[in-house]
file start-v6.txt (compact mmCIF, C-alpha atoms and all ligand atoms)
# COMPACT_ATOMS: atom_id res chain seq x y z
CA MET A 87 61.32 -5.90 22.06
CA ASN A 88 62.48 -5.54 25.63
CA ALA A 89 59.53 -4.18 27.58
CA SER A 90 57.51 -5.01 30.64
CA LEU A 91 54.55 -3.61 32.56
CA ASP A 92 53.76 -3.85 36.24
CA ILE A 93 49.98 -4.14 36.11
CA LEU A 94 47.05 -5.70 37.93
CA PRO A 95 44.88 -8.36 36.27
CA LEU A 96 41.60 -7.14 34.81
CA SER A 97 39.63 -9.38 37.18
CA SER A 98 41.09 -7.50 40.16
CA TRP A 99 39.48 -4.22 39.11
CA ILE A 100 36.29 -5.31 37.42
CA ASN A 101 34.17 -8.39 37.96
CA THR A 102 32.92 -9.82 34.67
CA GLU A 103 32.22 -13.28 36.15
CA GLY A 104 34.74 -14.84 33.82
CA LYS A 105 33.07 -13.44 30.70
CA PRO A 106 34.65 -10.98 28.27
CA LEU A 107 34.36 -7.39 29.50
CA VAL A 108 31.64 -5.48 27.64
CA ILE A 109 31.74 -1.69 27.54
CA ALA A 110 28.74 -0.25 25.71
CA GLY A 111 27.16 3.12 25.22
CA PRO A 112 26.69 5.92 22.76
CA CYS A 113 29.48 7.42 20.74
CA SER A 114 28.62 10.78 22.31
CA ALA A 115 26.62 11.93 25.29
CA GLU A 116 24.08 14.20 23.57
CA THR A 117 21.40 14.94 26.16
CA GLU A 118 20.65 13.72 29.66
CA GLU A 119 17.55 11.97 28.39
CA GLN A 120 19.43 10.21 25.56
CA MET A 121 22.10 9.04 28.02
CA LEU A 122 19.65 7.80 30.61
CA GLU A 123 17.39 6.04 28.13
CA THR A 124 20.27 4.36 26.27
CA ALA A 125 21.99 3.30 29.50
CA THR A 126 18.78 1.96 31.00
CA GLN A 127 18.11 -0.13 27.88
CA ILE A 128 21.68 -1.43 27.96
CA LYS A 129 21.30 -2.33 31.62
CA GLU A 130 18.02 -4.13 30.88
CA GLU A 131 19.69 -6.19 28.14
CA GLY A 132 22.01 -7.41 30.86
CA PHE A 133 25.23 -7.81 28.86
CA ALA A 134 27.26 -4.72 29.77
CA HIS A 135 29.70 -4.22 32.62
CA VAL A 136 30.49 -0.56 31.87
CA ILE A 137 28.66 2.32 30.15
CA ARG A 138 30.74 4.42 27.77
CA ALA A 139 30.11 7.88 26.35
CA GLY A 140 32.19 10.44 24.46
CA VAL A 141 32.16 13.79 26.18
CA TRP A 142 35.11 15.46 24.47
CA LYS A 143 35.23 14.40 20.82
CA PRO A 144 38.42 14.89 18.82
CA ARG A 145 37.08 15.76 15.37
CA THR A 146 39.12 15.86 12.21
CA ARG A 147 37.76 19.23 11.14
CA PRO A 148 36.29 22.13 13.09
CA GLY A 149 32.60 22.71 12.90
CA SER A 150 31.45 19.14 13.58
CA PHE A 151 29.96 18.18 16.93
CA GLU A 152 32.82 18.23 19.45
CA GLY A 153 30.99 16.76 22.42
CA MET A 154 29.04 18.35 25.25
CA GLY A 155 32.07 18.65 27.52
CA GLU A 156 31.69 19.16 31.26
CA ALA A 157 27.93 19.67 30.94
CA ALA A 158 27.57 15.95 30.13
CA LEU A 159 29.40 14.72 33.22
CA PRO A 160 26.45 15.10 35.64
CA TRP A 161 24.39 12.99 33.18
CA LEU A 162 26.94 10.22 33.58
CA GLN A 163 26.61 10.51 37.35
CA ALA A 164 22.87 10.05 36.88
CA VAL A 165 23.51 7.02 34.63
CA LYS A 166 25.70 5.48 37.33
CA GLN A 167 23.07 6.06 39.94
CA GLN A 168 20.25 4.71 37.82
CA THR A 169 21.99 1.61 36.41
CA GLY A 170 24.56 0.85 39.09
CA LEU A 171 27.11 0.41 36.30
CA PRO A 172 30.49 2.15 36.20
CA VAL A 173 31.04 4.74 33.46
CA ALA A 174 33.95 5.38 31.09
CA VAL A 175 34.94 8.44 29.04
CA GLU A 176 37.78 9.46 26.75
CA VAL A 177 40.28 11.97 28.09
CA ALA A 178 42.82 13.89 26.04
CA THR A 179 44.12 16.59 28.42
CA PRO A 180 44.99 16.84 32.12
CA GLN A 181 41.93 19.09 32.51
CA HIS A 182 39.68 16.33 31.11
CA ILE A 183 41.13 13.95 33.70
CA GLU A 184 40.52 16.41 36.52
CA LEU A 185 36.90 16.98 35.47
CA ALA A 186 36.15 13.31 34.80
CA LEU A 187 37.41 12.37 38.26
CA LYS A 188 35.56 15.28 39.88
CA TYR A 189 32.31 13.83 38.52
CA GLY A 190 33.16 10.27 39.56
CA VAL A 191 33.98 8.73 36.16
CA ASP A 192 35.25 5.21 36.90
CA ILE A 193 37.34 4.33 33.83
CA LEU A 194 39.27 6.59 31.45
CA TRP A 195 40.41 5.86 27.97
CA VAL A 196 43.06 7.55 25.87
CA GLY A 197 41.98 7.99 22.25
CA ALA A 198 43.88 6.98 19.13
CA ARG A 199 44.63 10.59 18.21
CA THR A 200 46.20 11.15 21.62
CA THR A 201 48.27 7.95 21.72
CA VAL A 202 50.21 9.17 18.68
CA ASN A 203 51.69 12.08 20.62
CA PRO A 204 54.20 11.17 23.37
CA PHE A 205 54.14 14.76 24.78
CA ASN A 206 50.39 14.50 25.14
CA VAL A 207 50.54 11.03 26.68
CA GLN A 208 53.24 12.14 29.13
CA GLU A 209 51.04 15.04 30.27
CA LEU A 210 48.22 12.60 30.93
CA ALA A 211 50.59 10.24 32.76
CA ASP A 212 51.83 13.12 34.96
CA ALA A 213 48.25 14.12 35.74
CA LEU A 214 47.46 10.54 36.76
CA LYS A 215 50.34 10.19 39.25
CA GLY A 216 49.02 8.95 42.58
CA ILE A 217 45.48 8.42 41.21
CA ASP A 218 44.00 4.95 41.31
CA VAL A 219 41.82 4.84 38.19
CA PRO A 220 41.78 2.26 35.37
CA VAL A 221 43.04 3.57 32.04
CA LEU A 222 42.56 1.97 28.63
CA VAL A 223 44.84 3.05 25.79
CA LYS A 224 43.61 2.92 22.22
CA ASN A 225 46.10 2.09 19.50
CA PRO A 226 47.58 5.10 17.70
CA VAL A 227 45.87 6.01 14.41
CA ASN A 228 48.95 4.91 12.46
CA PRO A 229 50.16 1.31 12.60
CA ASP A 230 53.08 1.97 14.93
CA LEU A 231 53.32 -0.66 17.66
CA GLN A 232 56.12 1.24 19.42
CA LEU A 233 53.88 4.27 19.99
CA TRP A 234 51.22 2.05 21.55
CA VAL A 235 53.80 0.31 23.74
CA GLY A 236 55.35 3.67 24.68
CA ALA A 237 52.01 5.14 25.76
CA LEU A 238 51.31 2.11 27.96
CA GLU A 239 54.79 2.36 29.45
CA ARG A 240 54.44 6.09 30.18
CA LEU A 241 51.18 5.53 32.06
CA ASN A 242 52.52 2.50 33.88
CA GLN A 243 55.67 4.37 34.92
CA ALA A 244 53.41 7.06 36.38
CA GLY A 245 51.91 4.36 38.59
CA VAL A 246 48.80 3.37 36.58
CA LYS A 247 48.47 -0.34 37.33
CA LYS A 248 44.89 -0.86 36.21
CA LEU A 249 45.86 -0.68 32.59
CA GLY A 250 44.48 -2.11 29.38
CA ALA A 251 44.69 -1.63 25.61
CA ILE A 252 41.88 -0.99 23.16
CA HIS A 253 42.42 -2.18 19.60
CA ARG A 254 40.36 0.19 17.40
CA GLY A 255 42.12 -0.37 14.09
CA PHE A 256 44.36 1.86 12.00
CA SER A 257 43.56 4.70 9.59
CA ASN A 258 43.42 3.80 5.93
CA ALA A 259 45.25 5.85 3.34
CA GLN A 260 42.89 4.51 0.68
CA GLU A 261 39.30 3.36 0.43
CA HIS A 262 38.91 0.16 2.44
CA LYS A 263 36.11 -2.17 3.45
CA PHE A 264 36.57 -1.15 7.08
CA ARG A 265 36.70 2.39 8.46
CA ASN A 266 39.94 1.51 10.26
CA SER A 267 41.94 -1.55 9.22
CA PRO A 268 42.19 -4.03 12.06
CA MET A 269 45.77 -5.16 11.28
CA TRP A 270 45.29 -7.94 13.82
CA ASN A 271 48.98 -8.83 13.77
CA ILE A 272 49.84 -5.57 15.57
CA ALA A 273 47.53 -6.36 18.47
CA ILE A 274 48.81 -9.94 18.54
CA GLU A 275 52.35 -8.58 18.78
CA LEU A 276 51.31 -6.28 21.62
CA LYS A 277 49.85 -9.24 23.50
CA THR A 278 53.02 -11.23 22.83
CA ILE A 279 55.12 -8.44 24.37
CA PHE A 280 52.76 -7.96 27.34
CA PRO A 281 50.95 -11.30 27.85
CA GLN A 282 49.24 -10.05 31.01
CA LEU A 283 47.86 -6.87 29.39
CA PRO A 284 44.08 -6.91 28.88
CA VAL A 285 43.29 -6.20 25.22
CA ILE A 286 39.81 -5.02 24.32
CA GLY A 287 38.48 -4.99 20.77
CA ASP A 288 36.63 -1.96 19.41
CA PRO A 289 34.57 -3.34 16.50
CA SER A 290 32.65 -0.06 16.12
CA HIS A 291 35.66 1.99 15.03
CA MET A 292 37.14 -0.80 12.91
CA ALA A 293 33.84 -1.48 11.12
CA GLY A 294 32.46 2.00 10.59
CA LYS A 295 29.24 0.27 9.49
CA ARG A 296 26.99 -1.87 11.64
CA ALA A 297 26.92 -4.65 9.02
CA TYR A 298 30.56 -5.51 9.80
CA LEU A 299 30.37 -5.41 13.58
CA TYR A 300 29.64 -9.08 14.09
CA GLU A 301 32.50 -10.46 12.01
CA ILE A 302 35.00 -8.15 13.69
CA ALA A 303 33.71 -8.84 17.18
CA GLN A 304 33.88 -12.58 16.51
CA ARG A 305 37.43 -12.27 15.23
CA ALA A 306 38.41 -10.46 18.41
CA LEU A 307 36.90 -13.24 20.50
CA ASP A 308 38.61 -15.89 18.33
CA LEU A 309 41.88 -14.19 19.22
CA HIS A 310 40.85 -14.37 22.86
CA TYR A 311 40.53 -10.67 23.49
CA ASP A 312 39.58 -9.78 27.04
CA GLY A 313 36.57 -7.74 26.03
CA LEU A 314 34.74 -5.52 23.59
CA ILE A 315 33.87 -1.84 23.58
CA ILE A 316 30.90 -1.21 21.30
CA GLU A 317 28.86 1.87 20.55
CA SER A 318 25.15 1.68 21.25
CA HIS A 319 22.49 4.38 20.94
CA ARG A 320 18.74 4.36 21.62
CA ASP A 321 18.16 5.66 18.07
CA PRO A 322 21.38 5.08 16.07
CA ASP A 323 20.29 6.78 12.85
CA LYS A 324 19.67 9.99 14.75
CA ALA A 325 23.01 9.90 16.60
CA TRP A 326 24.96 13.16 16.51
CA SER A 327 28.18 11.27 15.71
CA ASP A 328 29.09 7.87 14.21
CA ALA A 329 25.46 7.08 13.29
CA ALA A 330 26.35 4.34 10.78
CA GLN A 331 28.25 2.18 13.25
CA GLN A 332 25.97 2.26 16.30
CA LEU A 333 23.43 -0.38 17.30
CA THR A 334 20.37 -0.17 19.49
CA PRO A 335 20.90 -1.83 22.88
CA ALA A 336 18.53 -4.63 21.80
CA ALA A 337 20.44 -5.27 18.55
CA LEU A 338 23.72 -5.23 20.44
CA GLY A 339 22.29 -7.66 22.98
CA GLN A 340 21.32 -10.01 20.13
CA MET A 341 24.72 -9.69 18.49
CA LEU A 342 26.57 -10.44 21.71
CA HIS A 343 24.29 -13.40 22.29
CA ASP A 344 25.15 -14.80 18.85
CA LEU A 345 28.91 -14.46 19.32
CA HIS A 346 30.93 -17.50 20.27
CA VAL A 347 33.10 -16.90 23.29
CA ARG A 348 36.21 -19.05 23.07
CA LYS A 349 37.34 -20.85 26.20
CA GLU A 350 40.15 -19.44 28.25
CA SER A 351 41.74 -22.81 28.84
CA TYR A 352 41.10 -26.41 27.88
CA GLY A 353 40.51 -29.60 29.85
CA SER A 354 43.11 -32.37 30.10
CA ASP A 355 41.68 -34.25 27.07
CA TYR A 356 42.00 -31.20 24.89
CA ALA A 357 45.40 -30.49 26.39
CA SER A 358 46.83 -33.85 25.37
CA GLN A 359 45.30 -33.64 21.89
CA LEU A 360 46.69 -30.15 21.58
CA GLU A 361 50.15 -31.31 22.65
CA ILE A 362 50.14 -34.07 19.99
CA ILE A 363 49.13 -31.65 17.25
CA ARG A 364 51.59 -29.00 18.45
CA GLY A 365 54.37 -31.64 18.37
CA LYS A 366 53.55 -32.36 14.71
CA ILE A 367 53.49 -28.64 13.93
CA ASP A 368 56.92 -28.27 15.56
CA ASN A 369 58.32 -30.99 13.29
CA LEU A 370 56.81 -29.46 10.18
CA ASP A 371 58.09 -25.98 11.05
CA ARG A 372 61.56 -27.41 11.49
CA GLU A 373 61.32 -29.11 8.08
CA LEU A 374 60.08 -25.83 6.60
CA LEU A 375 63.18 -24.04 7.90
CA GLU A 376 65.48 -26.86 6.72
CA THR A 377 63.91 -26.57 3.27
CA LEU A 378 64.48 -22.82 3.28
CA ALA A 379 68.10 -23.30 4.37
CA ASN A 380 68.59 -25.79 1.48
CA ARG A 381 67.05 -23.29 -0.95
CA PHE A 382 69.37 -20.52 0.18
CA ALA A 383 72.40 -22.85 -0.08
CA LEU A 384 71.46 -23.33 -3.76
CA VAL A 385 71.00 -19.56 -4.17
CA GLU A 386 74.52 -19.08 -2.83
CA LYS A 387 75.94 -21.46 -5.45
CA LEU A 388 73.97 -19.64 -8.12
CA ALA A 389 75.32 -16.31 -6.82
CA GLU A 390 78.91 -17.52 -7.16
CA TYR A 391 78.19 -18.51 -10.73
CA LYS A 392 76.53 -15.14 -11.43
CA ARG A 393 79.44 -13.28 -9.82
CA ASP A 394 82.02 -15.09 -11.95
CA ASN A 395 79.99 -14.41 -15.10
CA ASN A 396 78.94 -10.88 -14.19
CA VAL A 397 75.20 -11.60 -14.18
CA ALA A 398 72.71 -9.47 -12.21
CA ALA A 399 71.14 -10.84 -9.03
CA TYR A 400 67.62 -9.70 -9.93
CA GLN A 401 66.11 -11.57 -12.87
CA VAL A 402 62.68 -10.17 -13.50
CA ASP A 403 61.41 -12.88 -15.88
CA ARG A 404 62.51 -15.69 -13.62
CA PHE A 405 61.02 -13.95 -10.57
CA ARG A 406 57.66 -13.56 -12.33
CA GLU A 407 57.78 -17.22 -13.28
CA VAL A 408 58.57 -18.16 -9.66
CA LEU A 409 55.58 -16.15 -8.39
CA GLU A 410 53.22 -17.58 -11.02
CA THR A 411 54.17 -21.23 -10.61
CA ARG A 412 54.10 -21.05 -6.78
CA ALA A 413 50.71 -19.34 -6.90
CA GLY A 414 49.41 -22.27 -8.96
CA TRP A 415 50.95 -24.87 -6.64
CA GLY A 416 49.51 -22.98 -3.68
CA ARG A 417 46.04 -22.95 -5.23
CA SER A 418 46.09 -26.68 -5.78
CA LEU A 419 47.12 -27.12 -2.14
CA ASN A 420 44.31 -24.83 -0.99
CA LEU A 421 46.69 -22.29 0.46
CA TYR A 422 45.59 -18.68 0.93
CA PRO A 423 46.89 -16.86 -2.21
CA ASN A 424 48.20 -13.85 -0.25
CA LEU A 425 50.25 -16.12 1.96
CA VAL A 426 51.97 -17.77 -1.01
CA ASP A 427 52.54 -14.45 -2.75
CA GLU A 428 53.93 -12.69 0.34
CA LEU A 429 56.02 -15.71 1.27
CA PHE A 430 57.78 -15.88 -2.08
CA LYS A 431 58.28 -12.12 -2.24
CA LEU A 432 59.97 -12.38 1.15
CA VAL A 433 62.05 -15.37 0.06
CA HIS A 434 63.03 -13.47 -3.07
CA MET A 435 64.15 -10.42 -1.05
CA GLU A 436 66.35 -12.66 1.05
CA SER A 437 67.66 -14.37 -2.07
CA ILE A 438 68.68 -10.99 -3.53
CA ARG A 439 70.26 -9.97 -0.19
CA LYS A 440 72.28 -13.18 -0.08
CA GLN A 441 73.38 -12.88 -3.69
CA THR A 442 74.54 -9.27 -3.30
CA GLU A 443 76.45 -10.33 -0.19
CA VAL A 444 78.28 -13.02 -2.19
CA MET A 445 78.95 -10.56 -5.03
CA ASN A 446 80.29 -7.89 -2.70
CA GLN A 447 82.68 -10.36 -1.05
CA VAL A 448 84.71 -10.35 -4.24
CA ASN A 449 84.46 -6.62 -4.78
CA ALA A 450 85.70 -5.93 -1.26
O1 LIG B 1 66.99 -17.69 -10.77
C1 LIG B 1 67.77 -16.78 -10.46
O2 LIG B 1 68.48 -16.17 -11.30
C2 LIG B 1 67.93 -16.39 -9.06
O3 LIG B 1 68.72 -15.53 -8.77
C3 LIG B 1 67.04 -17.03 -8.03
C4 LIG B 1 65.89 -16.17 -7.64
C5 LIG B 1 65.11 -16.97 -6.57
O4 LIG B 1 65.47 -16.90 -5.39
O5 LIG B 1 64.21 -17.70 -6.93
C6 LIG B 1 66.39 -14.90 -7.04
C7 LIG B 1 66.48 -13.73 -7.73
C8 LIG B 1 65.94 -13.56 -9.08
O6 LIG B 1 65.33 -12.33 -9.24
C9 LIG B 1 65.07 -14.67 -9.47
C10 LIG B 1 65.04 -15.86 -8.80

call {"tool": "encode", "arguments": {"input": "start-v6.txt", "output": "structure tokens"}}
result
Amino acid sequence: MNASLDILPLSSWINTEGKPLVIAGPCSAETEEQMLETATQIKEEGFAHVIRAGVWKPRTRPGSFEGMGEAALPWLQAVKQQTGLPVAVEVATPQHIELALKYGVDILWVGARTTVNPFNVQELADALKGIDVPVLVKNPVNPDLQLWVGALERLNQAGVKKLGAIHRGFSNAQEHKFRNSPMWNIAIELKTIFPQLPVIGDPSHMAGKRAYLYEIAQRALDLHYDGLIIESHRDPDKAWSDAAQQLTPAALGQMLHDLHVRKESYGSDYASQLEIIRGKIDNLDRELLETLANRFALVEKLAEYKRDNNVAAYQVDRFREVLETRAGWGRSLNLYPNLVDELFKLVHMESIRKQTEVMNQVNA
């Protein structure tokens, strides 16, 4: 994909002393007391760089708690004053932006239900023209990388240079272990397109349950995410929204303490070791491709034979046999079963494509 962003590095707009950025706070601002108590506990734990709170909550159905709105913004001012930490809220309309800035909110984020709508994102981008405020963009609810990229581009083209992405996972059509499937490959692709873009993991919305927060947060750090945004409430079970996925500030402090932060770069010893191993991987990948090319050369021969004898490209029994035997070989080589299965389904699709190409050459 041909895309680029003109943005400032994360370290130029927030000092995390080289550590991953941690944004923590309740799902929703409920009362001034709840905000102040939660934020003070978070501050005391010493891990957070930013306090978050939902003020306008996009709810799936009417009738559930939709956030305290403007009334909560003075509470965030009080939080800032009491903790000295910057505050972040979600904005979904130009009016939200205006109000958030009026009350001194330091960081804005665009929610997953807003990122899906380019009209909506463009309105936010227009409202942000000429305003120097960091904006974090959550992935759209559906696994569409282009929408995420487009939202980032719209904001950047409006002049937002303090820009980052939040990976919160993607809605599931069916029952799933996680509330929102991480689909890590989409975030990896985003980072490959925009290597300088800060990407922040949102374990709370991926997990949906506090039991899964650690494994998701660790995965994000293994992938060298630039930070984490995690929901924390003084009394999670009594939270007015997302009770099951919030942690007390103390439990969050413990979890963050237990996480392994991967190094940003490696020393010269590691570098040379890494180069040796990467060289070997290069050779093996080349052999892998040569093997595939040899396989498809055989498939082509087979296709010519099938064409001359009027035999169909797709052979269900043989395909099932291919999948079963390769699965067994994969197991004995300790390969991840899904990898082997997906790989041979992909190879088979290409095999069919090649064979139909050969068959159509004669028909043409
Ligand atoms: O064995 C065949 O008849 C093939 O066409 C080869 C092949 C394969 O690539 O392995 C491709 C298509 C068939 O559905 C089954 C197997």

call {"tool": "closest_atom_pairs", "arguments": {"input": "start-v6.txt", "of": "stretch 305-409 of chain A", "to": "stretch 96-100 of chain A", "cutoff": "12 Å", "atoms": "only C-alpha atoms", "output": "CSV"}}
result
residue,atom,partner,partner_atom,distance
A:Tyr311,CA,A:Leu96,CA,11.9
A:Asp312,CA,A:Leu96,CA,8.5
A:Gly313,CA,A:Leu96,CA,10.1

call {"tool": "closest_residue", "arguments": {"input": "start-v6.txt", "among": "A:Ser318, A:Gln282, A:Thr124, A:Gln331", "to": "A:Ala110", "atoms": "only C-alpha atoms"}}
result
A:Ser318

call {"tool": "axis_aligned_box", "arguments": {"input": "start-v6.txt", "around": "ligand LIG 1 (chain B)", "padding_each_side": "8 Å", "output": "AutoDock Vina command-line options"}}
result
--center_x 66.5 --center_y -15.0 --center_z -8.3 --size_x 20.5 --size_y 21.4 --size_z 21.9

call {"tool": "atom_distance", "arguments": {"input": "start-v6.txt", "atom1": "atom CA of A:Val177", "atom2": "atom CA of A:Lys105"}}
result
26.5 Å

call {"tool": "closest_atom_pairs", "arguments": {"input": "start-v6.txt", "of": "chain A", "to": "ligand LIG 1 (chain B)", "cutoff": "7 Å", "atoms": "all atoms listed in the file", "output": "tab-separated table"}}
result
residue	atom	partner	partner_atom	distance
A:Val385	CA	B:LIG1	C3	6.1
A:Leu388	CA	B:LIG1	O3	6.7
A:Ala389	CA	B:LIG1	O3	6.9
A:Ala399	CA	B:LIG1	O3	5.3
A:Tyr400	CA	B:LIG1	O6	3.6
A:Gln401	CA	B:LIG1	O6	3.8
A:Val402	CA	B:LIG1	O6	5.5
A:Arg404	CA	B:LIG1	C9	5.0
A:Phe405	CA	B:LIG1	C9	4.3
A:Val408	CA	B:LIG1	O5	6.3
A:Val433	CA	B:LIG1	O4	6.6
A:His434	CA	B:LIG1	O4	4.8
A:Ser437	CA	B:LIG1	O4	4.7
A:Ile438	CA	B:LIG1	C7	5.5

call {"tool": "residues_around", "arguments": {"input": "start-v6.txt", "residues": "A:Lys248", "least_positions_apart": "6", "cutoff": "10 Å", "atoms": "all atoms listed in the file", "output": "ChimeraX atom specification"}}
result
/A:92-96,98-100,193,218-222,241-242,283-284

call {"tool": "atom_distance", "arguments": {"input": "start-v6.txt", "atom1": "atom CA of A:Pro148", "atom2": "atom CA of A:Asn203"}}
result
19.9 Å
